[in-house]
Structures are given as structure tokens and as C-alpha cells.
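Colleague: input05.tsv is the file, holding TSV, C-alpha atoms:
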chain	number	residue	atom	x	y	z
A	1	GLU	CA	154.60	67.56	296.08
A	2	THR	CA	152.75	70.80	295.39
A	3	GLY	CA	149.18	70.41	294.18
A	4	VAL	CA	147.28	72.51	291.66
A	5	THR	CA	146.93	76.10	292.85
A	6	GLN	CA	144.56	78.69	291.43
A	7	SER	CA	144.28	82.43	291.88
A	8	PRO	CA	142.36	84.40	292.80
A	9	THR	CA	139.97	82.36	294.93
A	10	HIS	CA	137.09	84.78	294.44
A	11	LEU	CA	136.42	87.50	291.90
A	12	ILE	CA	133.56	89.88	291.17
A	13	LYS	CA	133.29	91.46	287.73
A	14	THR	CA	130.74	93.53	285.84
A	15	ARG	CA	129.01	92.34	282.68
A	16	GLY	CA	131.08	93.24	279.60
A	17	GLN	CA	134.40	93.24	281.43
A	18	GLN	CA	137.31	90.87	280.86
A	19	VAL	CA	138.85	88.49	283.39
A	20	THR	CA	142.05	86.43	283.67
A	21	LEU	CA	142.28	83.41	285.95
A	22	ARG	CA	145.57	81.72	286.77
A	23	CYS	CA	146.66	78.19	287.52
A	24	SER	CA	149.89	76.51	288.58
A	25	SER	CA	150.06	72.86	287.63
A	26	GLN	CA	151.06	70.10	289.97
A	27	SER	CA	154.78	69.42	289.89
A	28	GLY	CA	155.71	67.12	286.99
A	29	HIS	CA	152.44	67.68	285.11
A	30	ASN	CA	152.57	69.00	281.53
A	31	THR	CA	148.87	68.95	280.64
A	32	VAL	CA	146.36	71.43	281.98
A	33	SER	CA	142.59	71.55	281.52
A	34	TRP	CA	139.97	74.10	282.49
A	35	TYR	CA	136.42	73.33	283.53
A	36	GLN	CA	133.41	75.52	284.36
A	37	GLN	CA	131.16	74.38	287.19
A	38	ALA	CA	127.85	76.17	287.53
A	39	LEU	CA	126.10	76.03	290.89
A	40	GLY	CA	124.64	72.58	291.50
A	41	GLN	CA	126.04	71.14	288.27
A	42	GLY	CA	128.93	68.95	287.21
A	43	PRO	CA	132.05	70.53	285.72
A	44	GLN	CA	131.94	71.27	281.99
A	45	PHE	CA	135.11	70.95	279.89
A	46	ILE	CA	136.34	74.25	278.41
A	47	PHE	CA	139.70	73.33	276.86
A	48	GLN	CA	142.96	71.51	277.38
A	49	TYR	CA	146.59	72.47	276.76
A	50	TYR	CA	149.51	70.13	276.22
A	51	ARG	CA	153.02	71.52	275.83
A	52	GLU	CA	151.67	75.05	275.27
A	53	GLU	CA	149.27	74.01	272.48
A	54	GLU	CA	145.48	73.75	272.75
A	55	ASN	CA	144.62	70.13	271.98
A	56	GLY	CA	140.95	69.93	272.85
A	57	ARG	CA	138.03	72.28	273.30
A	58	GLY	CA	134.53	71.91	274.63
A	59	ASN	CA	131.38	73.73	273.59
A	60	PHE	CA	132.45	77.22	274.68
A	61	PRO	CA	132.54	80.39	272.53
A	62	PRO	CA	135.81	81.98	271.33
A	63	ARG	CA	135.62	84.65	274.03
A	64	PHE	CA	136.94	81.89	276.29
A	65	SER	CA	140.66	81.60	275.55
A	66	GLY	CA	143.72	80.28	277.26
A	67	LEU	CA	147.46	80.05	277.43
A	68	GLN	CA	149.94	77.56	278.78
A	69	PHE	CA	153.43	78.74	279.63
A	70	PRO	CA	156.79	76.91	279.39
A	71	ASN	CA	156.62	76.13	283.11
A	72	TYR	CA	153.19	74.53	282.41
A	73	SER	CA	151.26	77.14	284.37
A	74	SER	CA	148.16	78.39	282.60
A	75	GLU	CA	145.71	81.24	282.21
A	76	LEU	CA	142.03	81.30	281.33
A	77	ASN	CA	140.79	84.53	279.78
A	78	VAL	CA	137.14	85.40	279.34
A	79	ASN	CA	136.15	88.49	277.34
A	80	ALA	CA	132.83	90.32	277.26
A	81	LEU	CA	131.61	88.71	280.47
A	82	GLU	CA	127.98	87.64	280.64
A	83	LEU	CA	125.86	86.97	283.73
A	84	ASP	CA	125.81	83.26	282.85
A	85	ASP	CA	129.60	83.15	283.16
A	86	SER	CA	129.15	83.24	286.93
A	87	ALA	CA	130.55	79.90	288.08
A	88	LEU	CA	133.40	78.07	289.74
A	89	TYR	CA	136.31	77.74	287.31
A	90	LEU	CA	138.43	74.70	287.91
A	91	CYS	CA	141.92	74.03	286.66
A	92	ALA	CA	143.21	70.46	286.49
A	93	SER	CA	146.58	69.04	285.57
A	94	SER	CA	147.92	65.65	284.60
A	95	ALA	CA	151.13	64.07	283.40
A	96	GLY	CA	151.10	63.21	279.72
A	97	GLN	CA	148.49	63.95	277.10
A	98	GLY	CA	145.12	63.18	278.58
A	99	VAL	CA	144.15	61.11	281.58
A	100	GLY	CA	144.58	57.69	280.03
A	101	ASN	CA	147.49	56.86	282.24
A	102	SER	CA	147.51	59.84	284.56
A	103	PRO	CA	144.40	61.04	286.40
A	104	LEU	CA	143.36	64.68	286.56
A	105	HIS	CA	144.20	66.57	289.74
A	106	PHE	CA	141.95	69.57	290.32
A	107	GLY	CA	142.61	72.83	292.09
A	108	ASN	CA	140.05	74.38	294.43
A	109	GLY	CA	138.85	76.75	291.77
A	110	THR	CA	138.15	80.44	291.31
A	111	ARG	CA	134.62	81.57	292.12
A	112	LEU	CA	133.66	84.20	289.52
A	113	THR	CA	130.59	86.34	290.03
A	114	VAL	CA	129.41	88.56	287.18
A	115	THR	CA	127.01	91.36	288.13
B	1	GLN	CA	123.49	67.45	275.89
B	2	GLN	CA	124.38	65.46	278.99
B	3	GLN	CA	126.53	62.53	277.88
B	4	VAL	CA	126.56	60.93	281.31
B	5	LYS	CA	123.34	60.66	283.30
B	6	GLN	CA	123.65	60.31	287.07
B	7	SER	CA	121.13	59.34	289.72
B	8	PRO	CA	119.92	59.95	292.32
B	9	GLN	CA	120.35	63.71	292.64
B	10	SER	CA	120.52	63.37	296.42
B	11	LEU	CA	120.88	60.51	298.87
B	12	ILE	CA	120.56	60.13	302.63
B	13	VAL	CA	122.13	57.07	304.24
B	14	GLN	CA	122.57	56.08	307.86
B	15	LYS	CA	126.05	55.57	309.25
B	16	GLY	CA	127.21	52.05	308.47
B	17	GLY	CA	124.88	51.68	305.51
B	18	ILE	CA	125.66	51.25	301.82
B	19	SER	CA	125.49	54.25	299.50
B	20	ILE	CA	124.82	53.48	295.83
B	21	ILE	CA	125.07	55.99	293.00
B	22	ASN	CA	124.32	55.09	289.40
B	23	CYS	CA	125.45	56.44	286.04
B	24	ALA	CA	124.54	55.65	282.46
B	25	TYR	CA	126.12	56.64	279.17
B	26	GLU	CA	125.47	56.28	275.44
B	27	ASN	CA	128.83	56.88	273.78
B	28	THR	CA	130.46	53.48	273.31
B	29	ALA	CA	133.80	55.20	272.64
B	30	PHE	CA	134.10	56.03	276.33
B	31	ASP	CA	136.87	53.93	277.82
B	32	TYR	CA	137.71	55.60	281.13
B	33	PHE	CA	135.20	56.01	283.95
B	34	PRO	CA	136.31	57.88	287.09
B	35	TRP	CA	134.39	58.91	290.18
B	36	TYR	CA	135.18	62.20	291.88
B	37	GLN	CA	134.32	63.42	295.39
B	38	GLN	CA	133.83	67.11	296.05
B	39	PHE	CA	133.50	68.86	299.40
B	40	PRO	CA	132.10	72.41	299.65
B	41	GLY	CA	134.70	74.99	298.67
B	42	LYS	CA	137.05	72.38	297.24
B	43	GLY	CA	137.83	71.01	293.82
B	44	PRO	CA	136.84	67.47	292.84
B	45	ALA	CA	139.20	64.75	294.03
B	46	LEU	CA	139.60	61.41	292.26
B	47	LEU	CA	138.19	58.52	294.28
B	48	ILE	CA	138.43	55.53	292.01
B	49	ALA	CA	138.38	54.81	288.28
B	50	ILE	CA	137.71	51.85	286.01
B	51	ARG	CA	138.20	50.82	282.40
B	52	PRO	CA	135.62	48.72	280.52
B	53	ASP	CA	137.77	45.59	280.42
B	54	VAL	CA	136.90	44.80	284.05
B	55	SER	CA	133.47	44.52	285.68
B	56	GLU	CA	134.42	45.59	289.18
B	57	LYS	CA	137.14	47.49	291.00
B	58	LYS	CA	137.45	47.87	294.73
B	59	GLU	CA	139.56	50.28	296.74
B	60	GLY	CA	138.91	50.19	300.47
B	61	ARG	CA	135.24	50.95	301.12
B	62	PHE	CA	134.67	52.15	297.54
B	63	THR	CA	133.68	49.81	294.71
B	64	ILE	CA	132.86	50.53	291.07
B	65	SER	CA	130.60	48.06	289.30
B	66	PHE	CA	130.65	48.27	285.50
B	67	ASN	CA	128.13	46.78	283.06
B	68	LYS	CA	129.42	47.29	279.54
B	69	SER	CA	126.42	45.79	277.75
B	70	ALA	CA	123.98	47.98	279.68
B	71	LYS	CA	126.29	51.01	279.43
B	72	GLN	CA	125.95	51.60	283.14
B	73	PHE	CA	128.31	51.91	286.05
B	74	SER	CA	127.82	52.53	289.73
B	75	LEU	CA	129.67	53.53	292.88
B	76	HIS	CA	129.09	51.61	296.10
B	77	ILE	CA	130.29	53.07	299.39
B	78	MET	CA	130.33	50.39	302.05
B	79	ASP	CA	130.06	51.20	305.76
B	80	SER	CA	129.22	54.82	304.94
B	81	GLN	CA	130.54	57.39	307.42
B	82	PRO	CA	129.49	60.99	308.18
B	83	GLY	CA	132.84	62.08	306.71
B	84	ASP	CA	131.70	60.66	303.36
B	85	SER	CA	129.04	63.38	303.15
B	86	ALA	CA	129.94	65.20	299.95
B	87	THR	CA	128.92	65.54	296.32
B	88	TYR	CA	129.92	62.66	294.06
B	89	PHE	CA	130.38	62.92	290.32
B	90	CYS	CA	130.73	60.16	287.79
B	91	ALA	CA	132.52	60.94	284.55
B	92	ALA	CA	133.56	59.34	281.29
B	93	SER	CA	136.10	60.11	278.61
B	94	THR	CA	137.54	58.89	275.31
B	95	PRO	CA	141.04	59.06	273.86
B	96	ASN	CA	139.56	60.79	270.78
B	97	SER	CA	138.90	63.91	272.82
B	98	GLY	CA	142.19	63.93	274.71
B	99	TYR	CA	140.39	62.28	277.60
B	100	ALA	CA	138.37	65.42	278.38
B	101	LEU	CA	135.99	64.41	281.16
B	102	ASN	CA	132.22	64.39	280.65
B	103	PHE	CA	130.73	64.70	284.12
B	104	GLY	CA	127.34	63.71	285.44
B	105	LYS	CA	125.30	66.31	287.33
B	106	GLY	CA	126.36	64.99	290.70
B	107	THR	CA	124.81	63.29	293.74
B	108	SER	CA	124.70	65.01	297.08
B	109	LEU	CA	125.28	62.36	299.76
B	110	LEU	CA	124.42	62.91	303.39
B	111	VAL	CA	125.42	60.24	305.89
B	112	THR	CA	123.56	60.65	309.17
B	113	PRO	CA	125.07	59.60	312.51
Show me, as C-alpha cells, the structure contained in the file I just sent.

Modeller:
Amino acid sequence: ETGVTQSPTHLIKTRGQQVTLRCSSQSGHNTVSWYQQALGQGPQFIFQYYREEENGRGNFPPRFSGLQFPNYSSELNVNALELDDSALYLCASSAGQGVGNSPLHFGNGTRLTVT
Amino acid sequence: QQQVKQSPQSLIVQKGGISIINCAYENTAFDYFPWYQQFPGKGPALLIAIRPDVSEKKEGRFTISFNKSAKQFSLHIMDSQPGDSATYFCAASTPNSGYALNFGKGTSLLVTP
């Protein structure tokens, strides 16, 4: 069973640039969520996709957007990067809509540094 | 606004001792309470989870105690080992939000030999 994989592992961008982070869900999982984890903090929910549709969003501005593909892989796009966007971005997948009967499995994240 | 408050921020326990981490919440719609363990450079990994219809759940050395009336829950790690040294996060979620997880700020646990 292949776990959640994310790419790249590290990324350095300049303020104002755009970035795309990628995630492959665990085999058999059709729901993917993205979380932002600032240094020394708990992960914060960005949004969730189920069967290619966004079905939940946290308190993040519209410049954070995403996609889920038919194979359930996903992308997180961030436009107009700000210094405060520097964080570990975590992708998580689960089977079914939400974790009620299927826990979230997290990838190891992409460390984004904005200079 | 932090929906789940976690304490302590850091904890040092001797090998063989009991580690206790506490969390509190306000939203009574929460109905799923997991604990995650995170090692440096890794993503969080689910340790154990509980629903509010039970007061305690045990899996190996890990136990969740849940107090619905007090809106508190805690993680107990029995016979703590140096390999348990990691950051622990409590979380809570509701079906209304697609079970998006609201995490606490984390507890850094160090188990000394």
C-alpha cells in the first residue's frame, strides 16, 4: 500500500511569486485535504476535495486554490506569495467524505520558504 | 481563534513514567477526537482516536480519557520510552465541516533515558 506522497520536499520562492505543490493520495482514498503548519504550531485546515469538488474550506484567502484530479491526486496553488506563507504544507487523504469512518493519512509535507 | 486548547506546551518525562497531555474544546458539535504524533521532518501520524460516546479508549500503551461534560480529553502514554519523544497534537472535528481537523498547538515530549 503506497502512502501519501508530496512533491517537492523543499521549495524556496520570492515574495509575489506563485507556487504549485503536488500530492498523490494513498491508494483507495478519494478525499484529499491540505493543511498549513507554521513553525511550532499545529496544522491549519486550508481546504478539502472530494471527487474533484471542493467541499470544505478553512480561513484562507482566495489566492490559495486547489485541484483534485480523476486519479485523486491533488495540487495546491498559492498566488502572490507573502512572507507569512512560509510553512510546511501537508497533504492528507482518506477514504470517503471526511474522517468519520476513515482517518486522515498525512504525507511528509512540502517545506515552503518565501524570501 | 484556537478551537482546541492543548497543554502543556512541552513535557519532560523519565523512561518508564507516564506522560499526560490535556486538551479542551468549546464546540459541542465536535464528535471525533484524534491524537496525532509527529516526528521532525515527518507528517503527523494518527495514534488513537475517540468519539464522545465512550469515556476511555486504550490501544497498547496509549489511552485517551474523555470527559464530555467538562469538554476535555487527554492522552496518557504509559511506560514512556525515549522513542516516544515527538510532538503530539490533539484535534477535533465535526461532520458539519466535512470532518476538517481543528488541531491544538502541540506538545513537545522528551522522554529521558

Colleague: Please determine the contact residues of chain B with respect to chain A at a cut-off of 8 Å, counting only C-alpha atoms, and supply them as a list in words.

Modeller: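 Here they are: Tyr32, Gly41, Lys42, Gly43, Pro44, Ala45, Leu46, Phe89, Pro95, Ser97, Gly98, Tyr99, Ala100, Leu101, Asn102, Phe103, Gly104, Lys105 and Gly106 of chain B.
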
Colleague: Go ahead and find all residues with at least one atom no further than 7 Å from (125.9, 60.4, 303.2) in the file's coordinates, using all atoms listed in the file; report them as a PyMOL selection string.

Modeller: chain B and resi 11-13+80-82+84-85+109-112

Colleague: Would you list the residues near (128.7, 49.5, 287.7), meaning any protein, DNA or RNA residue with an atom at most 9 Å from that point in file coordinates, counting all atoms listed in the file, as an NGL selection string?

Modeller: :B and (22-23 or 55-56 or 63-68 or 71-76)

Colleague: Suppose you want the space between atom CA of A:Phe60 and atom CA of A:Ser93; what is it in Å?

Modeller: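 A separation of 19.6 Å between them.
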
Colleague: Nearest to B:Thr87 among B:Gly60, B:Ala70, B:Tyr36, B:Ser19, with distances taken over only C-alpha atoms: which residue is it?

Modeller: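 Of B:Gly60, B:Ala70, B:Tyr36, B:Ser19, the one nearest B:Thr87 is B:Tyr36, counting only C-alpha atoms.
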
Colleague: Please identify all polymer residues within 8 Å of A:Gly16, counting only C-alpha atoms, omitting same-chain residues fewer than 6 positions from it, and present them as number ranges by chain.

Modeller: A: 79-82

Colleague: Interatomic distance between atom CA of B:Gln38 and atom CA of B:Val54?

Modeller: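 Rounded to one decimal, the two atoms are 25.5 Å apart.
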
Colleague: Can you tell me how far atom CA of B:Leu47 sits from atom CA of A:Ser73, in Å to one decimal?

Modeller: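 Interatomic distance, atom CA of B:Leu47 to atom CA of A:Ser73: 24.8 Å.
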
Colleague: Hey, what's within 9 Å of A:Glu75 if we count all atoms listed in the file and toss same-chain stuff fewer than 3 positions away? As a ChimeraX atom specification, please?

Modeller: /A:20-24,65-69

Colleague: In terms of the shortest atom-to-atom distance over all atoms listed in the file, which of B:Ile21, B:Trp35, B:Arg61, B:Ala49 is closest to B:Pro8?

Modeller: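 Distance minimum relative to B:Pro8 lands on B:Ile21.
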
Colleague: Restricting the calculation to all atoms listed in the file: of B:Tyr25, B:Asp31, B:Ile50, B:Phe62, which residue gets closest to B:Ile77?

Modeller: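 Once distances to B:Ile77 are computed over all atoms listed in the file, the minimum belongs to B:Phe62.
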
Colleague: Please, what is the axis-aligned box for every listed atom of stretch 82-98 of chain A with 3 Å on each side, as centre and edge lengths in Å to one decimal, as JSON?

Modeller:
{"center_x": 138.5, "center_y": 75.4, "center_z": 283.4, "size_x": 31.3, "size_y": 30.5, "size_z": 18.6}
